[in-house]
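J.: This is final.pdb, which holds PDB, C-alpha atoms:
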```pdb
ATOM      1  CA  MET A   4      27.816 -23.309  10.949
ATOM      2  CA  GLU A   5      24.246 -22.308  10.198
ATOM      3  CA  GLU A   6      21.529 -20.902  12.385
ATOM      4  CA  GLN A   7      17.863 -21.475  11.755
ATOM      5  CA  ASN A   8      15.726 -18.661  13.017
ATOM      6  CA  VAL A   9      12.248 -19.322  14.328
ATOM      7  CA  SER A  10      10.565 -18.429  11.029
ATOM      8  CA  GLY A  11      12.445 -21.338   9.439
ATOM      9  CA  ALA A  12      14.934 -19.306   7.396
ATOM     10  CA  VAL A  13      18.507 -20.550   7.592
ATOM     11  CA  ARG A  14      21.262 -17.972   7.712
ATOM     12  CA  PRO A  15      24.992 -18.587   7.950
ATOM     13  CA  VAL A  16      26.651 -17.708  11.240
ATOM     14  CA  THR A  17      30.324 -16.884  11.199
ATOM     15  CA  VAL A  18      32.042 -18.262  14.254
ATOM     16  CA  PHE A  19      34.893 -16.021  15.323
ATOM     17  CA  PRO A  20      37.918 -18.108  16.372
ATOM     18  CA  LEU A  21      38.949 -17.342  19.961
ATOM     19  CA  ASP A  22      42.489 -18.026  21.072
ATOM     20  CA  PRO A  23      43.635 -18.304  24.713
ATOM     21  CA  VAL A  24      44.406 -14.555  24.894
ATOM     22  CA  ASP A  25      40.877 -13.683  23.702
ATOM     23  CA  ARG A  26      39.398 -16.143  26.190
ATOM     24  CA  HIS A  27      41.372 -14.696  29.089
ATOM     25  CA  ILE A  28      40.303 -11.156  28.161
ATOM     26  CA  LEU A  29      36.647 -12.237  27.930
ATOM     27  CA  SER A  30      36.885 -14.009  31.270
ATOM     28  CA  HIS A  31      38.314 -10.912  32.957
ATOM     29  CA  LEU A  32      35.645  -8.665  31.411
ATOM     30  CA  GLY A  33      32.913 -11.190  32.243
ATOM     31  CA  ALA A  34      33.926 -11.041  35.898
ATOM     32  CA  ASN A  35      34.271  -7.243  35.918
ATOM     33  CA  ALA A  36      33.461  -5.222  32.787
ATOM     34  CA  ARG A  37      34.943  -2.110  34.405
ATOM     35  CA  LEU A  38      38.482  -3.465  34.390
ATOM     36  CA  SER A  39      40.870  -1.299  32.409
ATOM     37  CA  ALA A  40      42.918  -2.717  29.557
ATOM     38  CA  ARG A  41      46.020  -1.867  31.568
ATOM     39  CA  SER A  42      44.758  -3.883  34.553
ATOM     40  CA  ILE A  43      43.894  -6.887  32.366
ATOM     41  CA  ALA A  44      47.266  -6.656  30.610
ATOM     42  CA  ARG A  45      49.109  -6.579  33.938
ATOM     43  CA  GLU A  46      47.321  -9.754  35.112
ATOM     44  CA  MET A  47      47.976 -11.503  31.804
ATOM     45  CA  GLY A  48      51.586 -10.371  31.411
ATOM     46  CA  VAL A  49      50.989  -8.720  28.011
ATOM     47  CA  SER A  50      50.966  -5.104  26.803
ATOM     48  CA  ALA A  51      47.974  -2.825  27.321
ATOM     49  CA  GLY A  52      48.063  -2.091  23.587
ATOM     50  CA  GLN A  53      47.611  -5.774  22.811
ATOM     51  CA  VAL A  54      44.593  -5.982  25.143
ATOM     52  CA  ILE A  55      43.074  -2.806  23.649
ATOM     53  CA  ASP A  56      43.542  -4.169  20.110
ATOM     54  CA  ARG A  57      42.014  -7.529  21.072
ATOM     55  CA  ILE A  58      39.002  -5.931  22.769
ATOM     56  CA  LYS A  59      38.418  -3.704  19.722
ATOM     57  CA  ARG A  60      38.649  -6.760  17.420
ATOM     58  CA  LEU A  61      36.247  -8.738  19.637
ATOM     59  CA  GLU A  62      33.766  -5.831  19.546
ATOM     60  CA  GLU A  63      34.068  -5.348  15.768
ATOM     61  CA  ASN A  64      33.467  -9.057  15.151
ATOM     62  CA  GLY A  65      30.367  -9.193  17.362
ATOM     63  CA  VAL A  66      31.867 -11.376  20.086
ATOM     64  CA  ILE A  67      31.519  -8.538  22.616
ATOM     65  CA  GLN A  68      28.101  -6.979  22.114
ATOM     66  CA  GLY A  69      28.093  -4.659  25.094
ATOM     67  CA  TYR A  70      28.920  -4.167  28.750
ATOM     68  CA  ARG A  71      26.489  -4.639  31.596
ATOM     69  CA  VAL A  72      25.965  -3.844  35.234
ATOM     70  CA  GLU A  73      25.387  -6.642  37.759
ATOM     71  CA  VAL A  74      22.409  -5.698  39.921
ATOM     72  CA  ASN A  75      21.538  -7.250  43.271
ATOM     73  CA  HIS A  76      17.817  -7.630  42.611
ATOM     74  CA  GLU A  77      16.893  -8.036  46.274
ATOM     75  CA  VAL A  78      18.644  -4.815  47.280
ATOM     76  CA  ALA A  79      17.042  -3.028  44.297
ATOM     77  CA  GLY A  80      13.581  -4.141  45.478
ATOM     78  CA  PHE A  81      12.936  -6.906  42.930
ATOM     79  CA  GLY A  82      13.780  -9.956  45.008
ATOM     80  CA  VAL A  83      11.171 -12.370  43.639
ATOM     81  CA  ASN A  84      11.926 -14.241  40.444
ATOM     82  CA  ALA A  85       9.489 -16.508  38.673
ATOM     83  CA  PHE A  86       9.431 -18.702  35.603
ATOM     84  CA  VAL A  87       6.441 -18.668  33.299
ATOM     85  CA  TRP A  88       5.783 -21.314  30.666
ATOM     86  CA  ILE A  89       3.216 -20.330  28.043
ATOM     87  CA  GLU A  90       1.649 -22.571  25.441
ATOM     88  CA  ILE A  91       1.340 -20.592  22.211
ATOM     89  CA  ASP A  92      -0.957 -21.200  19.243
ATOM     90  CA  ILE A  93       1.136 -22.711  16.425
ATOM     91  CA  ARG A  94      -0.056 -20.022  13.987
ATOM     92  CA  GLN A  95       1.341 -17.237  16.158
ATOM     93  CA  ASP A  96       4.311 -15.269  14.797
ATOM     94  CA  VAL A  97       7.317 -16.098  16.968
ATOM     95  CA  ASP A  98       9.135 -12.781  16.575
ATOM     96  CA  ALA A  99       6.004 -10.761  17.399
ATOM     97  CA  THR A 100       5.489 -12.854  20.532
ATOM     98  CA  LEU A 101       9.106 -12.472  21.685
ATOM     99  CA  ASP A 102       9.026  -8.724  20.953
ATOM    100  CA  TYR A 103       5.802  -8.349  22.965
ATOM    101  CA  CYS A 104       7.344 -10.163  25.925
ATOM    102  CA  MET A 105      10.578  -8.165  25.861
ATOM    103  CA  ALA A 106       8.553  -4.936  25.963
ATOM    104  CA  ILE A 107       7.294  -5.972  29.429
ATOM    105  CA  PRO A 108       9.759  -4.451  31.939
ATOM    106  CA  GLU A 109       9.565  -7.387  34.373
ATOM    107  CA  VAL A 110      10.620  -9.933  31.707
ATOM    108  CA  GLU A 111      14.363 -10.588  31.926
ATOM    109  CA  VAL A 112      14.578 -13.392  29.358
ATOM    110  CA  ALA A 113      12.161 -14.742  26.751
ATOM    111  CA  ASN A 114      12.966 -18.124  25.175
ATOM    112  CA  TRP A 115      11.108 -19.871  22.356
ATOM    113  CA  THR A 116      11.392 -23.567  23.150
ATOM    114  CA  THR A 117      10.411 -27.037  22.087
ATOM    115  CA  GLY A 118       7.938 -29.140  24.004
ATOM    116  CA  GLU A 119       4.519 -28.659  25.507
ATOM    117  CA  PHE A 120       5.054 -24.939  26.166
ATOM    118  CA  GLN A 121       6.631 -22.865  23.415
ATOM    119  CA  LEU A 122       7.501 -19.808  25.472
ATOM    120  CA  PHE A 123       9.637 -19.776  28.624
ATOM    121  CA  LEU A 124       9.980 -16.464  30.472
ATOM    122  CA  THR A 125      12.137 -15.455  33.388
ATOM    123  CA  VAL A 126      10.513 -12.572  35.242
ATOM    124  CA  ARG A 127      11.613 -10.395  38.153
ATOM    125  CA  VAL A 128       9.080  -8.706  40.478
ATOM    126  CA  ARG A 129       8.920  -6.902  43.837
ATOM    127  CA  ASP A 130       6.608  -9.320  45.623
ATOM    128  CA  HIS A 131       3.801 -11.831  45.120
ATOM    129  CA  ALA A 132       1.192  -9.099  44.614
ATOM    130  CA  HIS A 133       3.336  -7.682  41.810
ATOM    131  CA  LEU A 134       3.629 -11.178  40.276
ATOM    132  CA  ARG A 135      -0.139 -11.679  40.453
ATOM    133  CA  LYS A 136      -0.736  -8.330  38.723
ATOM    134  CA  LEU A 137       1.820  -9.192  36.015
ATOM    135  CA  LEU A 138       0.226 -12.589  35.381
ATOM    136  CA  LEU A 139      -3.290 -11.162  35.206
ATOM    137  CA  THR A 140      -2.443  -8.191  32.974
ATOM    138  CA  SER A 141       0.579  -8.079  30.652
ATOM    139  CA  LEU A 142       1.263 -11.811  30.507
ATOM    140  CA  ARG A 143      -2.374 -12.650  29.896
ATOM    141  CA  GLY A 144      -2.101 -10.554  26.737
ATOM    142  CA  VAL A 145       0.812 -12.467  25.183
ATOM    143  CA  PRO A 146      -0.165 -12.952  21.532
ATOM    144  CA  GLY A 147      -1.372 -16.483  20.815
ATOM    145  CA  SER A 148      -1.328 -17.477  24.485
ATOM    146  CA  LEU A 149      -3.394 -20.599  25.177
ATOM    147  CA  ARG A 150      -2.408 -21.469  28.763
ATOM    148  CA  GLN A 151       0.257 -20.679  31.327
ATOM    149  CA  SER A 152       2.124 -22.352  34.138
ATOM    150  CA  THR A 153       4.136 -20.370  36.679
ATOM    151  CA  VAL A 154       6.640 -21.340  39.357
ATOM    152  CA  VAL A 155       8.392 -19.077  41.849
ATOM    153  CA  GLY A 156      12.131 -19.365  42.359
ATOM    154  CA  LEU A 157      13.160 -20.114  45.954
ATOM    155  CA  ALA A 158      16.962 -20.084  45.684
ATOM    156  CA  HIS A 159      19.527 -19.832  42.914
ATOM    157  CA  ARG A 160      23.177 -19.554  41.969
ATOM    158  CA  ARG A 161      24.399 -17.499  39.069
ATOM    159  CA  ARG A 162      27.747 -17.111  37.402
ATOM    160  CA  VAL A 163      29.232 -13.626  37.833
ATOM    161  CA  GLY A 164      28.713 -11.901  34.503
ATOM    162  CA  GLY A 165      25.550 -13.914  33.852
ATOM    163  CA  GLN A 166      25.360 -15.394  30.402
ATOM    164  CA  TYR A 167      28.543 -13.535  29.434
ATOM    165  CA  ALA A 168      30.779 -15.378  31.901
ATOM    166  CA  PHE A 169      32.178 -18.599  30.615
ATOM    167  CA  THR A 170      34.218 -21.542  31.731
ATOM    168  CA  TRP A 171      36.447 -22.015  28.710
ATOM    169  CA  LYS A 172      37.672 -25.388  27.493
ATOM    170  CA  ASP A 173      40.556 -25.803  25.092
ATOM    171  CA  ASP A 174      40.482 -28.196  22.135
ATOM    172  CA  SER A 175      42.238 -30.961  24.060
ATOM    173  CA  GLY A 176      39.470 -31.072  26.654
ATOM    174  CA  GLY A 177      41.542 -29.470  29.422
ATOM    175  CA  SER A 178      40.404 -26.431  31.348
ATOM    176  CA  GLU A 179      41.796 -22.984  30.840
ATOM    177  CA  PRO A 180      41.703 -20.579  33.737
ATOM    178  CA  SER A 181      38.944 -18.014  33.555
TER     179      SER A 181
END
```
Show me the file's structure as structure tokens.
T.:
Amino acid sequence: MEEQNVSGAVRPVTVFPLDPVDRHILSHLGANARLSARSIAREMGVSAGQVIDRIKRLEENGVIQGYRVEVNHEVAGFGVNAFVWIEIDIRQDVDATLDYCMAIPEVEVANWTTGEFQLFLTVRVRDHAHLRKLLLTSLRGVPGSLRQSTVVGLAHRRRVGGQYAFTWKDDSGGSEPS
């Protein structure tokens, strides 16, 4: 498998083969990264040593890149989420633009995309006044920005563990428990 980065260079990506034990461990950690290896092992019916070895192998091979905290944004005072599409000049350096956006504390995710708008941001703010200030200051300064379109999220559902929680499928097309 190859991955083409935004500058056009192609680099090989090594896909690490995950077996059902790896998938079960990842599912448990995706639901609660604070689970101990002993607790996961007990639920899976395997030894704690096996779980520890698997987790270490998954970390060393870049499958597990880190552990995160799930935050209730509303309780933390950042209950408004918005999505900002930005059309970017085609001469603009993609990496510089993404780096600029990720340096803005309110930006949760920055995606370079295809279509009419090249940049898609997910932002999290306290209230509409905070959103207005963000749009008129930091986001107005996005390198190569030509025009923007913003929508405010009204309701959402999210998988526990965010992008790190998966619904695994085996090779035969059947579901595996997560």
J.: Using all atoms listed in the file, determine which residues lie at most 10 Å from A:Ser148, disregarding the query and same-chain residues fewer than 5 positions distant; provide the list as a list in words.
T.: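 Residues meeting the cut-off are Ile89, Glu90, Ile91, Asp92, Ile93, Gln95, Thr100, Phe120, Gln121, Leu122, Leu142 and Arg143 of chain A.
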J.: Can you turn the PyMOL selection byres ((chain A and resi 113) around 12) into a concrete residue list for this file, as a PyMOL selection string?
T.: chain A and resi 86-89+97-112+114-116+121-126+142+145
J.: Could you please take those selected residues and save C-alpha atoms as a PDB file, in the coordinates of the input?
T.:
```pdb
ATOM      1  CA  PHE A  86       9.431 -18.702  35.603  1.00  0.00           C
ATOM      2  CA  VAL A  87       6.441 -18.668  33.299  1.00  0.00           C
ATOM      3  CA  TRP A  88       5.783 -21.314  30.666  1.00  0.00           C
ATOM      4  CA  ILE A  89       3.216 -20.330  28.043  1.00  0.00           C
ATOM      5  CA  VAL A  97       7.317 -16.098  16.968  1.00  0.00           C
ATOM      6  CA  ASP A  98       9.135 -12.781  16.575  1.00  0.00           C
ATOM      7  CA  ALA A  99       6.004 -10.761  17.399  1.00  0.00           C
ATOM      8  CA  THR A 100       5.489 -12.854  20.532  1.00  0.00           C
ATOM      9  CA  LEU A 101       9.106 -12.472  21.685  1.00  0.00           C
ATOM     10  CA  ASP A 102       9.026  -8.724  20.953  1.00  0.00           C
ATOM     11  CA  TYR A 103       5.802  -8.349  22.965  1.00  0.00           C
ATOM     12  CA  CYS A 104       7.344 -10.163  25.925  1.00  0.00           C
ATOM     13  CA  MET A 105      10.578  -8.165  25.861  1.00  0.00           C
ATOM     14  CA  ALA A 106       8.553  -4.936  25.963  1.00  0.00           C
ATOM     15  CA  ILE A 107       7.294  -5.972  29.429  1.00  0.00           C
ATOM     16  CA  PRO A 108       9.759  -4.451  31.939  1.00  0.00           C
ATOM     17  CA  GLU A 109       9.565  -7.387  34.373  1.00  0.00           C
ATOM     18  CA  VAL A 110      10.620  -9.933  31.707  1.00  0.00           C
ATOM     19  CA  GLU A 111      14.363 -10.588  31.926  1.00  0.00           C
ATOM     20  CA  VAL A 112      14.578 -13.392  29.358  1.00  0.00           C
ATOM     21  CA  ASN A 114      12.966 -18.124  25.175  1.00  0.00           C
ATOM     22  CA  TRP A 115      11.108 -19.871  22.356  1.00  0.00           C
ATOM     23  CA  THR A 116      11.392 -23.567  23.150  1.00  0.00           C
ATOM     24  CA  GLN A 121       6.631 -22.865  23.415  1.00  0.00           C
ATOM     25  CA  LEU A 122       7.501 -19.808  25.472  1.00  0.00           C
ATOM     26  CA  PHE A 123       9.637 -19.776  28.624  1.00  0.00           C
ATOM     27  CA  LEU A 124       9.980 -16.464  30.472  1.00  0.00           C
ATOM     28  CA  THR A 125      12.137 -15.455  33.388  1.00  0.00           C
ATOM     29  CA  VAL A 126      10.513 -12.572  35.242  1.00  0.00           C
ATOM     30  CA  LEU A 142       1.263 -11.811  30.507  1.00  0.00           C
ATOM     31  CA  VAL A 145       0.812 -12.467  25.183  1.00  0.00           C
TER      32      VAL A 145
END
```
J.: Interatomic distance between atom CA of A:Val155 and atom CA of A:Asn84?
T.: 6.2 Å
J.: So which one's closest to A:Ile55, A:Val78, A:Glu119, A:Arg94, A:Asp25? Using all atoms listed in the file, please.
T.: A:Asp25
J.: When you look at A:Gln53 with a cut-off of 9 Å (counting all atoms listed in the file), what residues show up, excluding the ones that are within fewer than 5 positions of it in the same chain? I need them as a PyMOL selection string.
T.: chain A and resi 40+44+58
J.: Provide the atom CA of A:Arg161 to atom CA of A:Thr140 distance in Å, to one decimal place.
T.: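 That distance, rounded to one decimal, is 29.1 Å.
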J.: Work out how far apart atom CA of A:Val54 and atom CA of A:Thr17 are and give it in Å to one decimal.
T.: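 Taking atom CA of A:Val54 as the start and atom CA of A:Thr17 as the end point, the length is 22.7 Å.
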J.: Name the residues in contact with stretch 60-63 of chain A at a cut-off of 10 Å, using only C-alpha atoms, excluding same-chain residues fewer than 2 positions from it; report them as a list in words.
T.: Phe19, Leu21, Asp25, Ile28, Leu29, Val54, Ile55, Asp56, Arg57, Ile58, Gly65, Val66, Ile67, Gln68 and Gly69 of chain A
J.: Keeping only C-alpha atoms, write those residues as a PDB file, keeping the file's coordinate frame.
T.:
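And here is the file that came out, out-v1.pdb:
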```pdb
ATOM      1  CA  PHE A  19      34.893 -16.021  15.323  1.00  0.00           C
ATOM      2  CA  LEU A  21      38.949 -17.342  19.961  1.00  0.00           C
ATOM      3  CA  ASP A  25      40.877 -13.683  23.702  1.00  0.00           C
ATOM      4  CA  ILE A  28      40.303 -11.156  28.161  1.00  0.00           C
ATOM      5  CA  LEU A  29      36.647 -12.237  27.930  1.00  0.00           C
ATOM      6  CA  VAL A  54      44.593  -5.982  25.143  1.00  0.00           C
ATOM      7  CA  ILE A  55      43.074  -2.806  23.649  1.00  0.00           C
ATOM      8  CA  ASP A  56      43.542  -4.169  20.110  1.00  0.00           C
ATOM      9  CA  ARG A  57      42.014  -7.529  21.072  1.00  0.00           C
ATOM     10  CA  ILE A  58      39.002  -5.931  22.769  1.00  0.00           C
ATOM     11  CA  GLY A  65      30.367  -9.193  17.362  1.00  0.00           C
ATOM     12  CA  VAL A  66      31.867 -11.376  20.086  1.00  0.00           C
ATOM     13  CA  ILE A  67      31.519  -8.538  22.616  1.00  0.00           C
ATOM     14  CA  GLN A  68      28.101  -6.979  22.114  1.00  0.00           C
ATOM     15  CA  GLY A  69      28.093  -4.659  25.094  1.00  0.00           C
TER      16      GLY A  69
END
```
J.: Counting all atoms listed in the file, which of A:Arg150, A:Glu73, A:Leu32, A:Val24 gets nearest to A:Val49?
T.: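 The shortest atom-to-atom distance to A:Val49 comes from A:Val24.
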J.: So, with all atoms listed in the file as the atoms that count, which of A:Val72, A:Ile43, A:Val83, A:Val16 lies closest to A:His133?
T.: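 For A:His133, the nearest of the given residues is A:Val83.
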J.: Put a box with edges along x, y and z around all the listed atoms of stretch 71-79 of chain A, pad it by 8 Å on each side, then give me its centre and sizes in Å, one decimal, as JSON.
T.:
```
{"center_x": 21.7, "center_y": -5.5, "center_z": 39.4, "size_x": 25.6, "size_y": 21.0, "size_z": 31.7}
```
J.: List the neighbours of A:Arg129 out to 12 Å using only C-alpha atoms; skip same-chain residues closer than 2 positions along the sequence, and give me the result as a VMD selection string.
T.: chain A and resid 76 to 85 109 126 to 127 131 to 137
J.: Where atoms are missing, can you supply N, CA and C atoms for stretch 63-99 of chain A and output the lot as a PDB file, in the coordinates of the input?
T.:
```pdb
ATOM      1  N   GLU A  63      34.348  -5.488  17.204  1.00  0.00           N
ATOM      2  CA  GLU A  63      34.068  -5.348  15.768  1.00  0.00           C
ATOM      3  C   GLU A  63      33.513  -6.631  15.157  1.00  0.00           C
ATOM      4  N   ASN A  64      33.913  -7.778  15.687  1.00  0.00           N
ATOM      5  CA  ASN A  64      33.467  -9.057  15.151  1.00  0.00           C
ATOM      6  C   ASN A  64      32.230  -9.606  15.855  1.00  0.00           C
ATOM      7  N   GLY A  65      31.634  -8.813  16.738  1.00  0.00           N
ATOM      8  CA  GLY A  65      30.367  -9.193  17.362  1.00  0.00           C
ATOM      9  C   GLY A  65      30.486 -10.183  18.507  1.00  0.00           C
ATOM     10  N   VAL A  66      31.714 -10.488  18.934  1.00  0.00           N
ATOM     11  CA  VAL A  66      31.867 -11.376  20.086  1.00  0.00           C
ATOM     12  C   VAL A  66      31.445 -10.615  21.341  1.00  0.00           C
ATOM     13  N   ILE A  67      31.955  -9.415  21.516  1.00  0.00           N
ATOM     14  CA  ILE A  67      31.519  -8.538  22.616  1.00  0.00           C
ATOM     15  C   ILE A  67      30.436  -7.640  22.048  1.00  0.00           C
ATOM     16  N   GLN A  68      29.233  -7.770  22.593  1.00  0.00           N
ATOM     17  CA  GLN A  68      28.101  -6.979  22.114  1.00  0.00           C
ATOM     18  C   GLN A  68      27.785  -5.793  23.014  1.00  0.00           C
ATOM     19  N   GLY A  69      28.355  -5.765  24.197  1.00  0.00           N
ATOM     20  CA  GLY A  69      28.093  -4.659  25.094  1.00  0.00           C
ATOM     21  C   GLY A  69      28.632  -4.972  26.476  1.00  0.00           C
ATOM     22  N   TYR A  70      28.448  -4.037  27.371  1.00  0.00           N
ATOM     23  CA  TYR A  70      28.920  -4.167  28.750  1.00  0.00           C
ATOM     24  C   TYR A  70      27.730  -3.929  29.662  1.00  0.00           C
ATOM     25  N   ARG A  71      27.660  -4.679  30.745  1.00  0.00           N
ATOM     26  CA  ARG A  71      26.489  -4.639  31.596  1.00  0.00           C
ATOM     27  C   ARG A  71      26.846  -4.406  33.058  1.00  0.00           C
ATOM     28  N   VAL A  72      25.836  -4.038  33.796  1.00  0.00           N
ATOM     29  CA  VAL A  72      25.965  -3.844  35.234  1.00  0.00           C
ATOM     30  C   VAL A  72      25.321  -5.040  35.922  1.00  0.00           C
ATOM     31  N   GLU A  73      25.967  -5.580  36.931  1.00  0.00           N
ATOM     32  CA  GLU A  73      25.387  -6.642  37.759  1.00  0.00           C
ATOM     33  C   GLU A  73      24.579  -5.983  38.866  1.00  0.00           C
ATOM     34  N   VAL A  74      23.304  -6.300  38.930  1.00  0.00           N
ATOM     35  CA  VAL A  74      22.409  -5.698  39.921  1.00  0.00           C
ATOM     36  C   VAL A  74      22.017  -6.756  40.951  1.00  0.00           C
ATOM     37  N   ASN A  75      22.061  -6.391  42.216  1.00  0.00           N
ATOM     38  CA  ASN A  75      21.538  -7.250  43.271  1.00  0.00           C
ATOM     39  C   ASN A  75      20.042  -6.963  43.319  1.00  0.00           C
ATOM     40  N   HIS A  76      19.251  -7.864  42.749  1.00  0.00           N
ATOM     41  CA  HIS A  76      17.817  -7.630  42.611  1.00  0.00           C
ATOM     42  C   HIS A  76      17.115  -7.448  43.952  1.00  0.00           C
ATOM     43  N   GLU A  77      17.540  -8.172  44.964  1.00  0.00           N
ATOM     44  CA  GLU A  77      16.893  -8.036  46.274  1.00  0.00           C
ATOM     45  C   GLU A  77      17.110  -6.642  46.841  1.00  0.00           C
ATOM     46  N   VAL A  78      18.337  -6.148  46.766  1.00  0.00           N
ATOM     47  CA  VAL A  78      18.644  -4.815  47.280  1.00  0.00           C
ATOM     48  C   VAL A  78      17.906  -3.746  46.479  1.00  0.00           C
ATOM     49  N   ALA A  79      17.734  -3.981  45.165  1.00  0.00           N
ATOM     50  CA  ALA A  79      17.042  -3.028  44.297  1.00  0.00           C
ATOM     51  C   ALA A  79      15.519  -3.112  44.421  1.00  0.00           C
ATOM     52  N   GLY A  80      15.019  -4.053  45.246  1.00  0.00           N
ATOM     53  CA  GLY A  80      13.581  -4.141  45.478  1.00  0.00           C
ATOM     54  C   GLY A  80      12.836  -5.094  44.562  1.00  0.00           C
ATOM     55  N   PHE A  81      13.561  -5.927  43.819  1.00  0.00           N
ATOM     56  CA  PHE A  81      12.936  -6.906  42.930  1.00  0.00           C
ATOM     57  C   PHE A  81      13.456  -8.293  43.260  1.00  0.00           C
ATOM     58  N   GLY A  82      13.206  -8.722  44.489  1.00  0.00           N
ATOM     59  CA  GLY A  82      13.780  -9.956  45.008  1.00  0.00           C
ATOM     60  C   GLY A  82      13.053 -11.239  44.653  1.00  0.00           C
ATOM     61  N   VAL A  83      11.914 -11.161  43.988  1.00  0.00           N
ATOM     62  CA  VAL A  83      11.171 -12.370  43.639  1.00  0.00           C
ATOM     63  C   VAL A  83      11.362 -12.654  42.151  1.00  0.00           C
ATOM     64  N   ASN A  84      11.863 -13.857  41.850  1.00  0.00           N
ATOM     65  CA  ASN A  84      11.926 -14.241  40.444  1.00  0.00           C
ATOM     66  C   ASN A  84      10.984 -15.412  40.221  1.00  0.00           C
ATOM     67  N   ALA A  85      10.433 -15.447  39.016  1.00  0.00           N
ATOM     68  CA  ALA A  85       9.489 -16.508  38.673  1.00  0.00           C
ATOM     69  C   ALA A  85       9.756 -16.936  37.238  1.00  0.00           C
ATOM     70  N   PHE A  86       9.269 -18.132  36.935  1.00  0.00           N
ATOM     71  CA  PHE A  86       9.431 -18.702  35.603  1.00  0.00           C
ATOM     72  C   PHE A  86       8.046 -19.010  35.077  1.00  0.00           C
ATOM     73  N   VAL A  87       7.777 -18.528  33.881  1.00  0.00           N
ATOM     74  CA  VAL A  87       6.441 -18.668  33.299  1.00  0.00           C
ATOM     75  C   VAL A  87       6.569 -19.426  31.980  1.00  0.00           C
ATOM     76  N   TRP A  88       5.862 -20.552  31.899  1.00  0.00           N
ATOM     77  CA  TRP A  88       5.783 -21.314  30.666  1.00  0.00           C
ATOM     78  C   TRP A  88       4.446 -20.982  30.036  1.00  0.00           C
ATOM     79  N   ILE A  89       4.454 -20.685  28.735  1.00  0.00           N
ATOM     80  CA  ILE A  89       3.216 -20.330  28.043  1.00  0.00           C
ATOM     81  C   ILE A  89       3.086 -21.178  26.783  1.00  0.00           C
ATOM     82  N   GLU A  90       1.949 -21.850  26.674  1.00  0.00           N
ATOM     83  CA  GLU A  90       1.649 -22.571  25.441  1.00  0.00           C
ATOM     84  C   GLU A  90       1.116 -21.555  24.446  1.00  0.00           C
ATOM     85  N   ILE A  91       1.683 -21.576  23.232  1.00  0.00           N
ATOM     86  CA  ILE A  91       1.340 -20.592  22.211  1.00  0.00           C
ATOM     87  C   ILE A  91       0.709 -21.302  21.018  1.00  0.00           C
ATOM     88  N   ASP A  92      -0.312 -20.686  20.458  1.00  0.00           N
ATOM     89  CA  ASP A  92      -0.957 -21.200  19.243  1.00  0.00           C
ATOM     90  C   ASP A  92       0.102 -21.327  18.146  1.00  0.00           C
ATOM     91  N   ILE A  93       0.092 -22.448  17.423  1.00  0.00           N
ATOM     92  CA  ILE A  93       1.136 -22.711  16.425  1.00  0.00           C
ATOM     93  C   ILE A  93       1.119 -21.714  15.265  1.00  0.00           C
ATOM     94  N   ARG A  94       0.027 -21.011  15.065  1.00  0.00           N
ATOM     95  CA  ARG A  94      -0.056 -20.022  13.987  1.00  0.00           C
ATOM     96  C   ARG A  94       0.528 -18.677  14.390  1.00  0.00           C
ATOM     97  N   GLN A  95       0.855 -18.526  15.657  1.00  0.00           N
ATOM     98  CA  GLN A  95       1.341 -17.237  16.158  1.00  0.00           C
ATOM     99  C   GLN A  95       2.750 -16.946  15.646  1.00  0.00           C
ATOM    100  N   ASP A  96       2.994 -15.706  15.249  1.00  0.00           N
ATOM    101  CA  ASP A  96       4.311 -15.269  14.797  1.00  0.00           C
ATOM    102  C   ASP A  96       5.280 -15.232  15.992  1.00  0.00           C
ATOM    103  N   VAL A  97       6.357 -15.969  15.875  1.00  0.00           N
ATOM    104  CA  VAL A  97       7.317 -16.098  16.968  1.00  0.00           C
ATOM    105  C   VAL A  97       7.958 -14.756  17.319  1.00  0.00           C
ATOM    106  N   ASP A  98       8.452 -14.048  16.303  1.00  0.00           N
ATOM    107  CA  ASP A  98       9.135 -12.781  16.575  1.00  0.00           C
ATOM    108  C   ASP A  98       8.216 -11.765  17.233  1.00  0.00           C
ATOM    109  N   ALA A  99       6.963 -11.694  16.785  1.00  0.00           N
ATOM    110  CA  ALA A  99       6.004 -10.761  17.399  1.00  0.00           C
ATOM    111  C   ALA A  99       5.771 -11.114  18.861  1.00  0.00           C
TER     112      ALA A  99
END
```
